[in-house]
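Below is my_file_24.txt, holding compact mmCIF, C-alpha atoms (C1' of nucleotides) and all ligand atoms.
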# COMPACT_ATOMS: atom_id res chain seq x y z
CA MET A 1 -26.28 -9.03 -11.41
CA ILE A 2 -29.78 -9.26 -9.90
CA GLN A 3 -28.83 -6.58 -7.52
CA LEU A 4 -30.85 -5.27 -4.63
CA ASN A 5 -31.74 -1.68 -5.23
CA LYS A 6 -30.03 0.88 -3.03
CA HIS A 7 -33.10 1.51 -0.92
CA THR A 8 -33.25 -2.14 0.07
CA ASP A 9 -29.53 -2.28 0.60
CA TYR A 10 -29.66 0.75 2.87
CA GLY A 11 -32.75 -0.62 4.55
CA ILE A 12 -30.89 -3.72 5.66
CA VAL A 13 -28.03 -1.61 6.95
CA ILE A 14 -30.49 0.56 8.86
CA LEU A 15 -32.40 -2.32 10.36
CA THR A 16 -29.16 -3.98 11.34
CA HIS A 17 -28.34 -0.81 13.22
CA PHE A 18 -31.69 -1.02 15.00
CA ALA A 19 -31.05 -4.65 15.82
CA ARG A 20 -27.67 -3.83 17.32
CA TYR A 21 -29.08 -1.03 19.48
CA ASN A 22 -32.26 -2.84 20.35
CA ASP A 23 -31.87 -1.82 24.00
CA ALA A 24 -31.96 1.89 23.20
CA PRO A 25 -35.43 3.41 23.64
CA LEU A 26 -35.95 5.12 20.29
CA LEU A 27 -33.77 6.04 17.35
CA SER A 28 -34.52 9.12 15.26
CA ALA A 29 -33.92 9.50 11.55
CA LYS A 30 -31.14 11.92 12.48
CA ASN A 31 -29.49 9.29 14.68
CA ILE A 32 -29.52 6.81 11.83
CA SER A 33 -28.32 9.35 9.32
CA ASP A 34 -25.32 10.20 11.50
CA ALA A 35 -24.52 6.58 12.19
CA THR A 36 -24.72 5.40 8.60
CA SER A 37 -23.53 8.48 6.67
CA LEU A 38 -26.66 8.33 4.57
CA SER A 39 -28.47 11.58 3.83
CA LEU A 40 -31.32 12.46 6.14
CA PRO A 41 -34.00 12.61 3.40
CA MET A 42 -32.87 9.21 2.20
CA VAL A 43 -32.99 7.68 5.66
CA SER A 44 -36.31 9.28 6.33
CA LYS A 45 -37.80 7.89 3.16
CA ILE A 46 -36.67 4.38 3.91
CA LEU A 47 -37.84 4.50 7.52
CA LYS A 48 -41.28 5.46 6.29
CA GLN A 49 -41.37 2.46 3.98
CA LEU A 50 -40.29 0.15 6.77
CA LEU A 51 -42.96 1.61 9.01
CA LYS A 52 -45.61 1.08 6.39
CA GLY A 53 -44.38 -2.48 5.96
CA GLY A 54 -44.82 -3.16 9.65
CA LEU A 55 -41.18 -3.71 10.52
CA LEU A 56 -40.88 -0.53 12.60
CA LYS A 57 -43.05 1.30 15.10
CA SER A 58 -42.94 5.10 15.20
CA TYR A 59 -43.64 7.84 17.72
CA GLN A 60 -44.10 11.46 16.70
CA GLY A 61 -43.06 14.58 18.51
CA VAL A 62 -39.81 16.04 19.72
CA LYS A 63 -38.93 12.93 21.73
CA GLY A 64 -40.17 10.63 19.02
CA GLY A 65 -38.39 8.12 16.83
CA TYR A 66 -38.51 4.57 15.60
CA GLN A 67 -38.00 1.12 17.02
CA LEU A 68 -38.23 -2.43 15.73
CA SER A 69 -41.71 -3.87 15.87
CA ARG A 70 -40.35 -7.33 16.64
CA ASN A 71 -37.21 -9.01 17.87
CA PRO A 72 -34.33 -9.23 15.39
CA ASP A 73 -34.60 -13.00 15.25
CA GLU A 74 -38.25 -12.75 14.29
CA ILE A 75 -37.56 -10.58 11.26
CA SER A 76 -36.09 -12.16 8.16
CA ILE A 77 -33.91 -10.64 5.50
CA GLY A 78 -36.39 -11.91 2.96
CA GLU A 79 -39.18 -10.06 4.66
CA ILE A 80 -37.20 -6.82 4.63
CA ILE A 81 -36.59 -7.20 0.93
CA GLU A 82 -40.26 -7.87 0.32
CA VAL A 83 -41.21 -4.71 2.18
CA LEU A 84 -38.73 -2.46 0.39
CA ASP A 85 -38.63 -4.06 -3.02
CA GLY A 86 -41.82 -6.03 -3.49
CA PRO A 87 -42.42 -9.75 -3.83
CA LEU A 88 -39.38 -12.00 -3.73
CA ALA A 89 -39.69 -13.33 -7.24
CA LEU A 90 -37.16 -13.44 -10.04
CA THR A 91 -39.80 -13.62 -12.72
CA GLU A 92 -43.19 -12.03 -12.85
CA CYS A 93 -44.47 -14.94 -14.88
CA THR A 94 -45.73 -17.64 -12.56
CA ALA A 95 -48.54 -20.12 -12.64
CA SER A 96 -50.71 -17.66 -10.76
CA THR A 97 -50.11 -14.57 -12.88
CA GLN A 98 -52.22 -14.29 -15.98
CA GLY A 99 -51.42 -12.21 -19.02
CA ALA A 100 -47.94 -11.21 -17.94
CA CYS A 101 -46.33 -12.61 -21.06
CA LYS A 102 -47.38 -12.08 -24.63
CA THR A 103 -45.99 -15.44 -25.64
CA GLU A 104 -48.08 -17.09 -22.98
CA HIS A 105 -50.02 -19.39 -25.24
CA SER A 106 -46.91 -20.94 -26.70
CA CYS A 107 -44.91 -21.12 -23.50
CA SER A 108 -44.35 -24.52 -22.02
CA ILE A 109 -42.27 -23.57 -19.05
CA LYS A 110 -44.67 -21.18 -17.36
CA PRO A 111 -45.62 -23.71 -14.67
CA HIS A 112 -41.95 -24.21 -13.89
CA TRP A 113 -41.04 -20.63 -13.08
CA ALA A 114 -42.46 -21.16 -9.63
CA ALA A 115 -39.59 -23.50 -8.84
CA ILE A 116 -37.05 -20.78 -9.41
CA ASN A 117 -38.99 -18.26 -7.41
CA ARG A 118 -39.66 -20.60 -4.53
CA VAL A 119 -36.11 -21.84 -4.19
CA MET A 120 -34.85 -18.30 -3.99
CA ARG A 121 -37.53 -16.99 -1.65
CA ASP A 122 -37.26 -19.86 0.79
CA ALA A 123 -33.57 -19.26 1.15
CA LEU A 124 -33.94 -15.61 2.10
CA ILE A 125 -37.00 -16.02 4.29
CA LYS A 126 -35.03 -18.36 6.50
CA LEU A 127 -32.22 -15.88 7.10
CA PRO A 128 -32.91 -13.79 10.21
CA LEU A 129 -31.91 -10.19 10.73
CA SER A 130 -30.13 -11.28 13.88
CA SER A 131 -27.58 -13.09 11.75
CA MET A 132 -26.32 -9.68 10.65
CA THR A 133 -25.43 -8.58 14.16
CA SER A 134 -23.44 -11.49 15.48
CA PRO A 135 -20.07 -10.03 16.52
CA ILE A 136 -18.02 -12.64 14.69
CA PRO A 137 -19.19 -13.33 11.16
CA LEU A 138 -20.29 -16.82 10.32
CA TRP A 139 -17.60 -17.13 7.75
CA SER A 140 -14.18 -16.51 9.14
CA GLU A 141 -11.16 -15.55 7.07
CA ASN A 142 -10.44 -19.20 6.50
CA ASP A 143 -13.82 -19.75 5.04
CA SER A 144 -14.04 -16.56 3.07
CA LYS A 145 -12.90 -18.07 -0.21
CA ARG A 146 -15.66 -20.63 -0.10
CA ASN A 147 -18.22 -17.90 0.29
CA GLN A 148 -17.06 -15.65 -2.47
CA ILE A 149 -18.72 -15.70 -5.81
CA GLN A 150 -16.77 -18.12 -7.93
CA GLU A 151 -17.29 -17.42 -11.56
CA LYS A 152 -15.55 -20.28 -13.26
CA THR A 153 -16.76 -23.14 -11.13
CA PHE A 154 -18.22 -26.22 -12.73
CA TYR A 155 -21.23 -27.59 -10.94
CA PRO A 156 -21.88 -31.27 -11.41
CA LEU A 157 -25.58 -31.60 -10.92
CA LYS A 158 -27.36 -34.88 -10.69
CA ILE A 159 -30.46 -33.70 -8.97
CA ARG A 160 -33.66 -34.40 -10.80
CA ILE A 161 -36.49 -32.81 -9.00
CA GLY A 162 -39.92 -34.27 -9.48
CA GLU A 163 -38.67 -37.30 -11.35
CA LYS A 164 -38.64 -40.79 -10.03
CA ASN A 165 -35.35 -42.44 -9.39
CA GLU A 166 -34.36 -44.95 -12.05
CA HIS A 167 -34.00 -47.68 -9.46
CA ASP A 168 -37.44 -47.24 -7.97
CA MET B 1 -38.90 -6.99 -7.17
CA ILE B 2 -35.34 -8.22 -7.78
CA GLN B 3 -36.39 -9.24 -11.20
CA LEU B 4 -34.35 -11.09 -13.74
CA ASN B 5 -33.78 -8.92 -16.77
CA LYS B 6 -35.55 -9.97 -19.93
CA HIS B 7 -32.43 -11.33 -21.56
CA THR B 8 -31.94 -13.78 -18.72
CA ASP B 9 -35.61 -14.61 -18.65
CA TYR B 10 -35.59 -15.32 -22.38
CA GLY B 11 -32.32 -17.19 -22.01
CA ILE B 12 -33.88 -19.67 -19.63
CA VAL B 13 -36.81 -20.14 -21.97
CA ILE B 14 -34.43 -20.71 -24.86
CA LEU B 15 -32.23 -23.17 -23.00
CA THR B 16 -35.30 -25.02 -21.80
CA HIS B 17 -36.23 -25.41 -25.44
CA PHE B 18 -32.80 -26.83 -26.17
CA ALA B 19 -33.13 -29.18 -23.22
CA ARG B 20 -36.46 -30.44 -24.46
CA TYR B 21 -35.15 -31.07 -27.98
CA ASN B 22 -31.81 -32.38 -26.85
CA ASP B 23 -32.07 -35.25 -29.35
CA ALA B 24 -32.28 -32.93 -32.36
CA PRO B 25 -28.92 -32.39 -34.05
CA LEU B 26 -28.68 -28.60 -34.17
CA LEU B 27 -31.07 -25.72 -33.62
CA SER B 28 -30.65 -22.46 -35.52
CA ALA B 29 -31.50 -19.03 -34.23
CA LYS B 30 -34.39 -19.04 -36.67
CA ASN B 31 -35.72 -22.27 -35.20
CA ILE B 32 -35.68 -20.79 -31.73
CA SER B 33 -37.20 -17.55 -32.87
CA ASP B 34 -40.12 -19.37 -34.46
CA ALA B 35 -40.61 -21.63 -31.47
CA THR B 36 -40.54 -18.89 -28.85
CA SER B 37 -42.06 -15.93 -30.71
CA LEU B 38 -39.03 -13.86 -29.82
CA SER B 39 -37.51 -11.66 -32.51
CA LEU B 40 -34.61 -13.11 -34.43
CA PRO B 41 -32.10 -10.40 -33.46
CA MET B 42 -33.03 -10.86 -29.83
CA VAL B 43 -32.62 -14.62 -29.96
CA SER B 44 -29.39 -14.26 -31.86
CA LYS B 45 -27.97 -11.89 -29.30
CA ILE B 46 -28.81 -14.17 -26.40
CA LEU B 47 -27.45 -17.26 -28.13
CA LYS B 48 -24.14 -15.46 -28.59
CA GLN B 49 -23.97 -14.68 -24.91
CA LEU B 50 -24.74 -18.26 -23.99
CA LEU B 51 -22.06 -19.42 -26.41
CA LYS B 52 -19.52 -17.09 -24.89
CA GLY B 53 -20.53 -18.34 -21.45
CA GLY B 54 -19.84 -21.92 -22.45
CA LEU B 55 -23.37 -23.22 -22.20
CA LEU B 56 -23.78 -23.75 -25.93
CA LYS B 57 -21.64 -25.01 -28.76
CA SER B 58 -22.00 -23.48 -32.21
CA TYR B 59 -21.36 -24.49 -35.80
CA GLN B 60 -21.21 -21.98 -38.61
CA GLY B 61 -22.37 -22.29 -42.18
CA VAL B 62 -25.60 -23.06 -43.87
CA LYS B 63 -26.12 -26.30 -41.93
CA GLY B 64 -24.93 -24.72 -38.73
CA GLY B 65 -26.65 -24.00 -35.47
CA TYR B 66 -26.35 -24.41 -31.73
CA GLN B 67 -26.54 -27.24 -29.23
CA LEU B 68 -26.14 -27.60 -25.48
CA SER B 69 -22.55 -28.06 -24.41
CA ARG B 70 -23.61 -30.37 -21.58
CA ASN B 71 -26.57 -32.44 -20.47
CA PRO B 72 -29.56 -30.54 -19.08
CA ASP B 73 -29.03 -32.01 -15.65
CA GLU B 74 -25.47 -30.74 -15.59
CA ILE B 75 -26.46 -27.14 -16.20
CA SER B 76 -27.97 -25.17 -13.36
CA ILE B 77 -30.40 -22.28 -13.48
CA GLY B 78 -27.97 -20.35 -11.32
CA GLU B 79 -25.23 -20.86 -13.86
CA ILE B 80 -27.43 -19.59 -16.67
CA ILE B 81 -28.20 -16.48 -14.69
CA GLU B 82 -24.53 -15.93 -13.98
CA VAL B 83 -23.73 -16.17 -17.67
CA LEU B 84 -26.44 -13.77 -18.81
CA ASP B 85 -26.59 -11.40 -15.89
CA GLY B 86 -23.29 -11.61 -14.05
CA PRO B 87 -22.42 -12.89 -10.59
CA LEU B 88 -25.28 -14.20 -8.48
CA ALA B 89 -25.05 -11.62 -5.74
CA LEU B 90 -27.69 -9.37 -4.30
CA THR B 91 -25.17 -6.82 -3.10
CA GLU B 92 -21.92 -5.76 -4.62
CA CYS B 93 -20.51 -5.12 -1.19
CA THR B 94 -18.95 -8.28 0.16
CA ALA B 95 -15.97 -9.07 2.29
CA SER B 96 -13.90 -9.50 -0.84
CA THR B 97 -14.84 -6.30 -2.65
CA GLN B 98 -12.89 -3.24 -1.67
CA GLY B 99 -14.00 0.34 -2.18
CA ALA B 100 -17.48 -0.48 -3.37
CA CYS B 101 -19.12 1.58 -0.66
CA LYS B 102 -18.25 5.09 0.39
CA THR B 103 -19.44 4.44 3.92
CA GLU B 104 -17.14 1.48 4.11
CA HIS B 105 -15.11 2.65 7.08
CA SER B 106 -18.15 3.08 9.27
CA CYS B 107 -19.99 -0.01 8.13
CA SER B 108 -20.19 -2.87 10.56
CA ILE B 109 -22.21 -5.29 8.50
CA LYS B 110 -19.93 -5.57 5.51
CA PRO B 111 -18.68 -9.02 6.53
CA HIS B 112 -22.25 -10.22 6.83
CA TRP B 113 -23.40 -9.46 3.31
CA ALA B 114 -21.78 -12.69 2.20
CA ALA B 115 -24.43 -14.62 4.10
CA ILE B 116 -27.20 -13.11 2.04
CA ASN B 117 -25.38 -13.66 -1.20
CA ARG B 118 -24.39 -17.21 -0.39
CA VAL B 119 -27.81 -18.32 0.73
CA MET B 120 -29.33 -17.05 -2.47
CA ARG B 121 -26.66 -18.36 -4.80
CA ASP B 122 -26.60 -21.82 -3.28
CA ALA B 123 -30.31 -22.14 -3.81
CA LEU B 124 -30.17 -21.39 -7.51
CA ILE B 125 -26.99 -23.30 -8.24
CA LYS B 126 -28.66 -26.46 -7.02
CA LEU B 127 -31.60 -26.12 -9.38
CA PRO B 128 -30.91 -27.95 -12.65
CA LEU B 129 -32.14 -26.93 -16.08
CA SER B 130 -33.67 -30.36 -16.40
CA SER B 131 -36.18 -29.45 -13.72
CA MET B 132 -37.75 -27.07 -16.25
CA THR B 133 -38.54 -29.83 -18.72
CA SER B 134 -40.27 -32.41 -16.59
CA PRO B 135 -43.67 -32.95 -18.20
CA ILE B 136 -45.61 -32.61 -14.96
CA PRO B 137 -44.59 -29.63 -12.87
CA LEU B 138 -43.34 -30.30 -9.38
CA TRP B 139 -46.12 -28.26 -7.90
CA SER B 140 -49.51 -29.43 -9.00
CA GLU B 141 -52.67 -27.38 -8.82
CA ASN B 142 -53.20 -28.53 -5.28
CA ASP B 143 -49.85 -27.27 -4.22
CA SER B 144 -49.91 -24.08 -6.20
CA LYS B 145 -51.08 -21.90 -3.32
CA ARG B 146 -48.17 -22.94 -1.21
CA ASN B 147 -45.77 -21.89 -3.91
CA GLN B 148 -47.21 -18.53 -4.64
CA ILE B 149 -45.66 -15.47 -3.19
CA GLN B 150 -47.52 -14.76 -0.01
CA GLU B 151 -47.21 -11.16 0.95
CA LYS B 152 -48.82 -11.01 4.34
CA THR B 153 -47.30 -14.09 5.89
CA PHE B 154 -45.71 -13.90 9.31
CA TYR B 155 -42.52 -15.86 9.63
CA PRO B 156 -41.62 -17.00 13.12
CA LEU B 157 -37.90 -17.31 12.99
CA LYS B 158 -35.85 -18.79 15.75
CA ILE B 159 -32.81 -19.64 13.77
CA ARG B 160 -29.62 -18.13 15.06
CA ILE B 161 -26.85 -18.88 12.69
CA GLY B 162 -23.33 -18.94 14.03
CA GLU B 163 -24.39 -18.70 17.65
CA LYS B 164 -24.07 -21.45 20.15
CA ASN B 165 -27.19 -22.98 21.55
CA GLU B 166 -27.95 -21.90 25.10
CA HIS B 167 -28.05 -25.46 26.29
CA ASP B 168 -24.67 -26.42 24.91
C1' DT C 1 -21.24 -18.07 -56.33
C1' DA C 2 -25.45 -17.53 -53.90
C1' DA C 3 -27.77 -18.72 -49.74
C1' DA C 4 -28.13 -19.60 -44.91
C1' DA C 5 -26.24 -19.56 -40.94
C1' DT C 6 -23.09 -17.62 -37.04
C1' DA C 7 -19.95 -13.43 -35.19
C1' DG C 8 -19.38 -8.93 -33.70
C1' DT C 9 -20.39 -4.11 -32.86
C1' DA C 10 -23.00 0.07 -32.27
C1' DC C 11 -26.96 2.87 -31.64
C1' DT C 12 -31.34 4.68 -29.64
C1' DA C 13 -35.76 5.01 -27.23
C1' DA C 14 -38.10 3.75 -23.10
C1' DA C 15 -38.24 2.50 -18.36
C1' DA C 16 -36.55 2.31 -13.74
C1' DA C 17 -33.74 3.91 -9.99
C1' DG C 18 -31.84 7.32 -7.05
C1' DG C 19 -31.96 11.33 -4.88
C1' DT C 20 -33.79 15.84 -3.30
C1' DA C 21 -37.20 19.35 -2.10
C1' DC C 22 -41.17 20.96 -0.07
C1' DT C 23 -45.20 21.16 2.91
C1' DG C 24 -47.83 19.43 6.76
C1' DT C 25 -48.62 17.21 11.48
C1' DT C 26 -47.54 15.85 16.16
C1' DT C 27 -45.39 16.27 20.57
C1' DT C 28 -42.39 18.44 24.05
C1' DA C 29 -40.37 22.15 26.67
C1' DT C 30 -39.99 26.82 27.78
C1' DA D 1 -48.68 30.36 23.38
C1' DT D 2 -44.90 29.30 20.74
C1' DA D 3 -40.71 27.48 19.01
C1' DA D 4 -38.21 23.37 18.15
C1' DA D 5 -37.61 18.62 16.89
C1' DA D 6 -39.27 14.89 15.21
C1' DC D 7 -42.44 12.05 12.01
C1' DA D 8 -45.79 11.97 7.48
C1' DG D 9 -46.68 12.49 2.76
C1' DT D 10 -46.01 13.86 -1.95
C1' DA D 11 -43.93 15.42 -6.08
C1' DC D 12 -40.23 16.31 -9.04
C1' DC D 13 -35.98 15.70 -11.75
C1' DT D 14 -31.62 13.60 -13.13
C1' DT D 15 -29.04 9.69 -14.13
C1' DT D 16 -28.50 5.03 -15.20
C1' DT D 17 -30.00 0.74 -16.93
C1' DT D 18 -32.69 -1.98 -19.94
C1' DA D 19 -34.63 -3.51 -24.25
C1' DG D 20 -34.65 -3.80 -28.70
C1' DT D 21 -32.95 -2.99 -33.45
C1' DA D 22 -29.67 -2.30 -37.24
C1' DC D 23 -25.73 -3.16 -39.76
C1' DT D 24 -21.60 -5.49 -41.43
C1' DA D 25 -18.46 -9.40 -41.70
C1' DT D 26 -17.36 -14.35 -41.73
C1' DT D 27 -18.13 -19.25 -42.44
C1' DT D 28 -19.97 -23.28 -44.65
C1' DT D 29 -22.79 -25.86 -47.99
C1' DA D 30 -24.99 -26.92 -52.40
S1 LIG A 201 -42.44 -17.01 -19.66
FE1 LIG A 201 -44.40 -16.17 -19.28
S2 LIG A 201 -45.71 -17.47 -20.39
FE2 LIG A 201 -43.77 -18.37 -20.63
S1 LIG A 202 -22.58 -1.88 2.85
FE1 LIG A 202 -20.70 -1.71 1.84
S2 LIG A 202 -19.33 -1.22 3.42
FE2 LIG A 202 -21.21 -1.52 4.45
Render the structure in this file as structure tokens.
Ligand code: FES
Ligand code: FES
Amino acid sequence: MIQLNKHTDYGIVILTHFARYNDAPLLSAKNISDATSLSLPMVSKILKQLLKGGLLKSYQGVKGGYQLSRNPDEISIGEIIEVLDGPLALTECTASTQGACKTEHSCSIKPHWAAINRVMRDALIKLPLSSMTSPIPLWSENDSKRNQIQEKTFYPLKIRIGEKNEHD
Amino acid sequence: MIQLNKHTDYGIVILTHFARYNDAPLLSAKNISDATSLSLPMVSKILKQLLKGGLLKSYQGVKGGYQLSRNPDEISIGEIIEVLDGPLALTECTASTQGACKTEHSCSIKPHWAAINRVMRDALIKLPLSSMTSPIPLWSENDSKRNQIQEKTFYPLKIRIGEKNEHD
DNA sequence: TAAAATAGTACTAAAAAGGTACTGTTTTAT
DNA sequence: ATAAAACAGTACCTTTTTAGTACTATTTTA
């Protein structure tokens, strides 16, 4: 299911909380833990990763805590994932990586992997954290069916990327 | 790194092979194994999954083998992933899933997860298998830098989805 | 009837994820 | 000074998932 790991999942929840309380001066790990029902060690660990990744600023001491390093509309979901889970790539085999595959010499699709990775990364890099805090979700009840994962759908595809149109 | 599992990775390689030899009558598991340097049991296992998922047709017996059930431009990379790895969702917690999270009652972003999942799924569903077989990759050497994963990039985002423009 | 192929199931070793514990450092308030 | 509350860093262990293999049965052709 190509699932986000829990850390990343929690990280998005946590940062969404920061985005929602962006007015508040500082939020401590304890604050977040209480608000999200995640264990304190867990929250603490994730906050440290986000700090290291440059998405949060921290202040030590008894009145310390964390805050977003940028505005919520200047942080993307894709960026969060990259900080907590590494590069946004579905395959480690791209044109730029050498020696990742043992079947490399006989593989003819290596140069094409980049397409898959790029398509996916672009999509998530464009989605801002602020989209998680809008009071009314983008997809109302009416629309919810359209946005669910539909397993049995047939997708008629006529797109041929990188090929010239027959009528050219 | 949100990586595809090996089965799915191999599956795309295998189907790309089918797409490239779409003229050939039937390809056996042995054929594929030889062509891809993947072990026969492995190939066999993946072919069965693809069959079950409706992407391949099979014929038994000594002259048997597999072939694509549709044209390569009518099969999407996203669909392949869904067959081999389950629903294309980054989180299992969506508006439609109930009881997936224990912190469900206190979670305010549940309705927003769908945005992340949809953005990602749409991107991959639009990418056809045929894009893996074009002789010259979409991204030439010149372009390769642009398509690599750039870790330190800053992304100025001003997109606010679902919010009205101030000047409206 | 033997050979070559698909069909289906089950098992195991290795790797990754998830979570917790522990120790140290910095700042504030008494 | 000193205690308390917060961040900082590291290491460990358990559980789950992944990856790969093995084995048996069925189908078709020569
Ligand atoms: S998949 Fe890596 S070389 Fe082909
Ligand atoms: S993440 Fe599942 S309920 Fe909030």
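Ranking D:DA8, D:DA30, D:DC13, D:DA25 by their shortest atom-to-atom distance to chain B, with only C-alpha atoms (C1' of nucleotides) included, puts D:DA30 first.
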If you take only C-alpha atoms (C1' of nucleotides) and a cut-off of 10 Å, which residues of chain C touch chain A, and what are their nearest atom pairs and distances in Å to one decimal, in chain and number order, as JSON lines?
{"residue": "C:DA17", "atom": "C1'", "partner": "A:Asn5", "partner_atom": "CA", "distance": 7.6}
{"residue": "C:DG18", "atom": "C1'", "partner": "A:Lys6", "partner_atom": "CA", "distance": 7.8}
{"residue": "C:DG19", "atom": "C1'", "partner": "A:Met42", "partner_atom": "CA", "distance": 7.4}
{"residue": "C:DT20", "atom": "C1'", "partner": "A:Pro41", "partner_atom": "CA", "distance": 7.4}
{"residue": "C:DA21", "atom": "C1'", "partner": "A:Pro41", "partner_atom": "CA", "distance": 9.3}
{"residue": "C:DT25", "atom": "C1'", "partner": "A:Gln60", "partner_atom": "CA", "distance": 9.0}
{"residue": "C:DT26", "atom": "C1'", "partner": "A:Gly61", "partner_atom": "CA", "distance": 5.2}
{"residue": "C:DT27", "atom": "C1'", "partner": "A:Gly61", "partner_atom": "CA", "distance": 3.5}
{"residue": "C:DT28", "atom": "C1'", "partner": "A:Val62", "partner_atom": "CA", "distance": 5.6}
{"residue": "C:DA29", "atom": "C1'", "partner": "A:Val62", "partner_atom": "CA", "distance": 9.3}
How many Å lie between atom CA of Ser131 of chain A and atom CA of Ile80 of chain A, rounded to one decimal? 13.5 Å
Tell me which protein, DNA and RNA residues are within 7 Å of segment 122-129 of chain A, counting all atoms listed in the file, leaving out same-chain ones fewer than 6 positions away, and put them as a PDB file with C-alpha atoms, in the frame of the given file.
ATOM      1  CA  THR A  16     -29.160  -3.980  11.340  1.00  0.00           C
ATOM      2  CA  PRO A  72     -34.330  -9.230  15.390  1.00  0.00           C
ATOM      3  CA  ASP A  73     -34.600 -13.000  15.250  1.00  0.00           C
ATOM      4  CA  GLU A  74     -38.250 -12.750  14.290  1.00  0.00           C
ATOM      5  CA  ILE A  75     -37.560 -10.580  11.260  1.00  0.00           C
ATOM      6  CA  SER A  76     -36.090 -12.160   8.160  1.00  0.00           C
ATOM      7  CA  ILE A  77     -33.910 -10.640   5.500  1.00  0.00           C
ATOM      8  CA  GLY A  78     -36.390 -11.910   2.960  1.00  0.00           C
ATOM      9  CA  GLU A  79     -39.180 -10.060   4.660  1.00  0.00           C
TER      10      GLU A  79
ATOM     11  CA  VAL B 119     -27.810 -18.320   0.730  1.00  0.00           C
ATOM     12  CA  MET B 120     -29.330 -17.050  -2.470  1.00  0.00           C
ATOM     13  CA  ALA B 123     -30.310 -22.140  -3.810  1.00  0.00           C
ATOM     14  CA  LEU B 157     -37.900 -17.310  12.990  1.00  0.00           C
ATOM     15  CA  ILE B 159     -32.810 -19.640  13.770  1.00  0.00           C
TER      16      ILE B 159
END
Choose the residue, out of B:Gln3, B:Asn22, B:Thr8, B:Asn31, that has the smallest atom-to-atom separation from chain A; count all atoms listed in the file. B:Gln3
Nearest candidate to chain A (options D:DT27, D:DC7, D:DA22, D:DT17; using all atoms listed in the file):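 Checking each candidate against chain A, we get D:DC7 as the closest.
Atom CA of Leu56 of chain B lies 12.7 Å from atom C1' of DT6 of chain C.
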I'd like the interatomic distance between atom CA of Thr133 of chain B and atom C1' of DA19 of chain D, to a tenth of an Å.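 Separation between atom CA of Thr133 of chain B and atom C1' of DA19 of chain D: 27.2 Å.
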Which neighbours of Ser44 of chain B fall inside 12 Å, counting all atoms listed in the file, when residues of the same chain fewer than 5 positions from it are skipped, and could you give them as JSON, numbers by chain? {"B": [7, 10, 11, 14, 27, 28, 29, 30, 31, 32, 33, 38, 39, 49, 50, 51, 58, 65, 66], "C": [5, 6, 7, 8], "D": [21]}
For chain B, which residue among A:Ile2, A:Cys93, A:Ile12, A:Val43 is the nearest when counting all atoms listed in the file? A:Ile2
Considering all atoms listed in the file, can you say which of A:Arg20, A:Thr91, A:Leu26, A:Ser37 comes closest to ligand LIG 202 (chain A)? A:Ser37
Please enclose the listed atoms of segment 14-18 of chain D in an axis-aligned box, pad each side by 4 Å, and write out the centre and the three edge lengths in Å, rounded to one decimal, as lines of an AutoDock Vina configuration file.
center_x = -30.6
center_y = 5.8
center_z = -16.5
size_x = 12.2
size_y = 23.6
size_z = 14.8
Point out the residue among B:Ile116, B:Leu40, B:Leu55, B:Ile109 with the least atom-to-atom distance to chain D, counting only C-alpha atoms (C1' of nucleotides).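 Smallest separation from chain D among the options: B:Leu40.
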